[in-house]
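> I'd like to ask some things about the structure below.
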Amino acid sequence: MNSATPVDTYSPTAQLSIRNVAKVFWGKKDLFSKLSGKKSKDFVAIENISLDIEPNTFVTIIGPSGCGKSTLLNMIAGLSDITAGEILFNNHPISGPGPDRGMVFQNYALMPWMTVEDNIRFAVETVYPKWSAKQVNRTITEHIQLVGLTGAEKKHPHELSGGMRQRVGIARALAFSPQILLMDEPFGALDALTRGFLQDEIERIWEQQRKTVIMITHSIEEALLLSDRIVMMTRGPAARVDEVLDVPFPRPRNREIIDQHPAYHDLKAEMESHLFRETRAVEEARISG
Amino acid sequence: MTVSDTNTSIPYYGGEKESLFFTEGVRAFLLFVGSLIAFLLFWEIGARAEWFASGMPTASETLKELWWWVTNPFFNNGPNDLGIGWNLLISLRRVAIGYFLASIVAVPLGILMGISSVARKGFNPYVQLLKPISPLAWLPLGLYVFRDSEVTGVFIIFISSIWPTLINTAFGVANVDQEYLDVAQTLGASRLRTIFKVIIPAALPNIVSGLRISMGIAWLVIVAAEMLLGTGLGYFIWNEWNNLYIPNILVAIFIIGLVGLILDSIFAAVERFVVFGRNS
Ligand SMILES: Nc1ncnc2c1ncn2[C@@H]1O[C@H](COP(=O)(O)OP(=O)(O)OP(=O)(O)O)[C@@H](O)[C@H]1O
Ligand SMILES: [Mg+2]
């Protein structure tokens, strides 16, 4: 416990294995950029990240702002190229996006011209073009029920509150049965109360499905409530995995009594000091230029 | 829980008290009617007192004439004496054909230019060069090539109303929110499905506002072009100018404005229909 996965001992049972992954955003160095003064340096966002994720675990990634959490998640999703290293998913290297991974976006990314129902339908029909209309409709109804949106099927996203929109986002990501759920600060745009409701929903749904989840968050309490493992990243540039914490609390979890567990306060204190240290270093680097 | 029942502390939630005559809508309407009456009076008196050019018709004469044309829209005594309804229909028909042809070229081409940066860079010089040309500059060329005033009118509408739709469509498609594309990608949607289910609906507000601007331009251009062609509202004005009968020119101007307004409102309604809470 409390140590990064050693680089050369990969878990054979891992569902997702991130191996020595780095991401460089290449700067603009062509002649035109030089002349127009827009030349920029290469930026090493993350370097040498290794991480094994076992099936049916809930993993959260936490780290100072701008360290490269979204970059890492986008690489797992296949939306962003991997500069070096590889990410194995069921022992096959990831080469692009695909419906074996479902994504929940921070700003919901719902299609405004589609109703709640049609947003989910679009996902299901894209992934399973051969399904009968009946099968598609049943899946839609099931997932609308799962996230507690029954009655809002025919509404458009702009008629819903932020919390309800993200419920649609979650239903859409679950409806095509991905093996793994990727969530980039899914509750980041919500107020505290709505956030709490949705965390409880996620906990409830997770107990039902036990699907592998990788979630990015800025909230220590959220990470402790939901995850089995917490990955703490260092600050960028060249961010790494600093530490992986195992969260031993029994499930199902309840936000009211979770802090009575003997390990809760130690874990929380450890995460706080890590985040505080990294964030302070970021601020200092910014001030000294 | 006890609430002290003092009348003085009961809050009033009705907003500002408004009497019937002072809602914003009513006041705007009163302003409109008031200024219209003032304008017509000024016109009437000015024309009678010959403040303007001599022979300028009075407001009452013009309104009488308007009433006559509006109540007798469809008569046909040859091309130089045609009811205003016929002329209007002729103009609308030319606009409809030219505009329809322009749209079915501009929308697909705009989508192509929005999706492919090669197409965008390759076609952009044509767009930039042709766009600023005054529509009337095409008139002699059209007459020479087509040898037909009808086809030339349609051609002028086509060539002048193609650009706003093309440019707006390309812009809308090129600027589709990356998140929508990410969603389609993570689902493994095919290129074609992404274009039809995501990119086009996402760009629809831009496409419709391009179509709206194009329609406005088509309506501006047809009147000018028809002065040099044979029929239509533009020719009606030109003909009345040759007859030196100013009231009819004013009638035609009013009708052109009114029709333009109606066309524009139709597109405004379509725009509202496709927005779904975006950019507002
Ligand atoms: N397309 C890009 N080109 C250049 N640099 C980028 C690009 N995308 C991200 N970066 C840089 O990479 C670093 C990591 O970005 P990323 O968005 O992954 O951070 P993050 O940990 O998700 O931050 P936050 O917590 O604020 O969401 C940042 O310094 C950012 O400026
Ligand atoms: Mg991020």
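How things are named: the first chain in the structure tokens is A, the next is B, and so on; residues count from 1 in each chain; ligands count from 1 in the order shown.
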Please return as a list in words the residues found within 10 Å of ligand 2, counting only C-alpha atoms and all ligand atoms.

Gly63, Pro64, Ser65, Gly66, Cys67, Gly68, Lys69, Ser70, Thr71, Leu72, Leu73, Asn74, Gln106, Asp184, Glu185, Gly188, Ile216, Thr217 and His218 of chain A

> Give me, as a short mmCIF file (atom, residue, chain, number, x, y, z; two decimals) with N, CA and C atoms, in the first residue's frame, the contact residues of chain A against chain B at a cut-off of 6 Å, counting only C-alpha atoms.


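And here is the file that came out, iface_21.cif:
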data_model
loop_
_atom_site.label_atom_id
_atom_site.label_comp_id
_atom_site.auth_asym_id
_atom_site.auth_seq_id
_atom_site.Cartn_x
_atom_site.Cartn_y
_atom_site.Cartn_z
N PRO A 97 -10.39 5.75 -30.15
CA PRO A 97 -11.58 5.68 -29.31
C PRO A 97 -12.45 4.48 -29.69
N GLY A 98 -13.28 4.06 -28.76
CA GLY A 98 -14.18 2.95 -29.05
C GLY A 98 -15.20 2.78 -27.95
N PRO A 99 -16.31 2.13 -28.26
CA PRO A 99 -17.42 2.02 -27.31
C PRO A 99 -17.17 1.02 -26.18
N ALA A 109 -21.73 17.56 -22.52
CA ALA A 109 -21.63 17.23 -23.95
C ALA A 109 -22.86 16.52 -24.48
N PRO A 112 -27.71 19.40 -27.99
CA PRO A 112 -28.84 20.26 -27.59
C PRO A 112 -30.10 20.04 -28.44
N TRP A 113 -29.92 19.54 -29.66
CA TRP A 113 -31.07 19.37 -30.54
C TRP A 113 -31.77 18.03 -30.33
N THR A 126 -25.68 3.95 -32.35
CA THR A 126 -24.36 4.01 -32.97
C THR A 126 -23.56 2.75 -32.64
N HIS A 158 -31.57 21.88 -22.68
CA HIS A 158 -31.62 23.23 -22.13
C HIS A 158 -32.80 23.43 -21.18
#
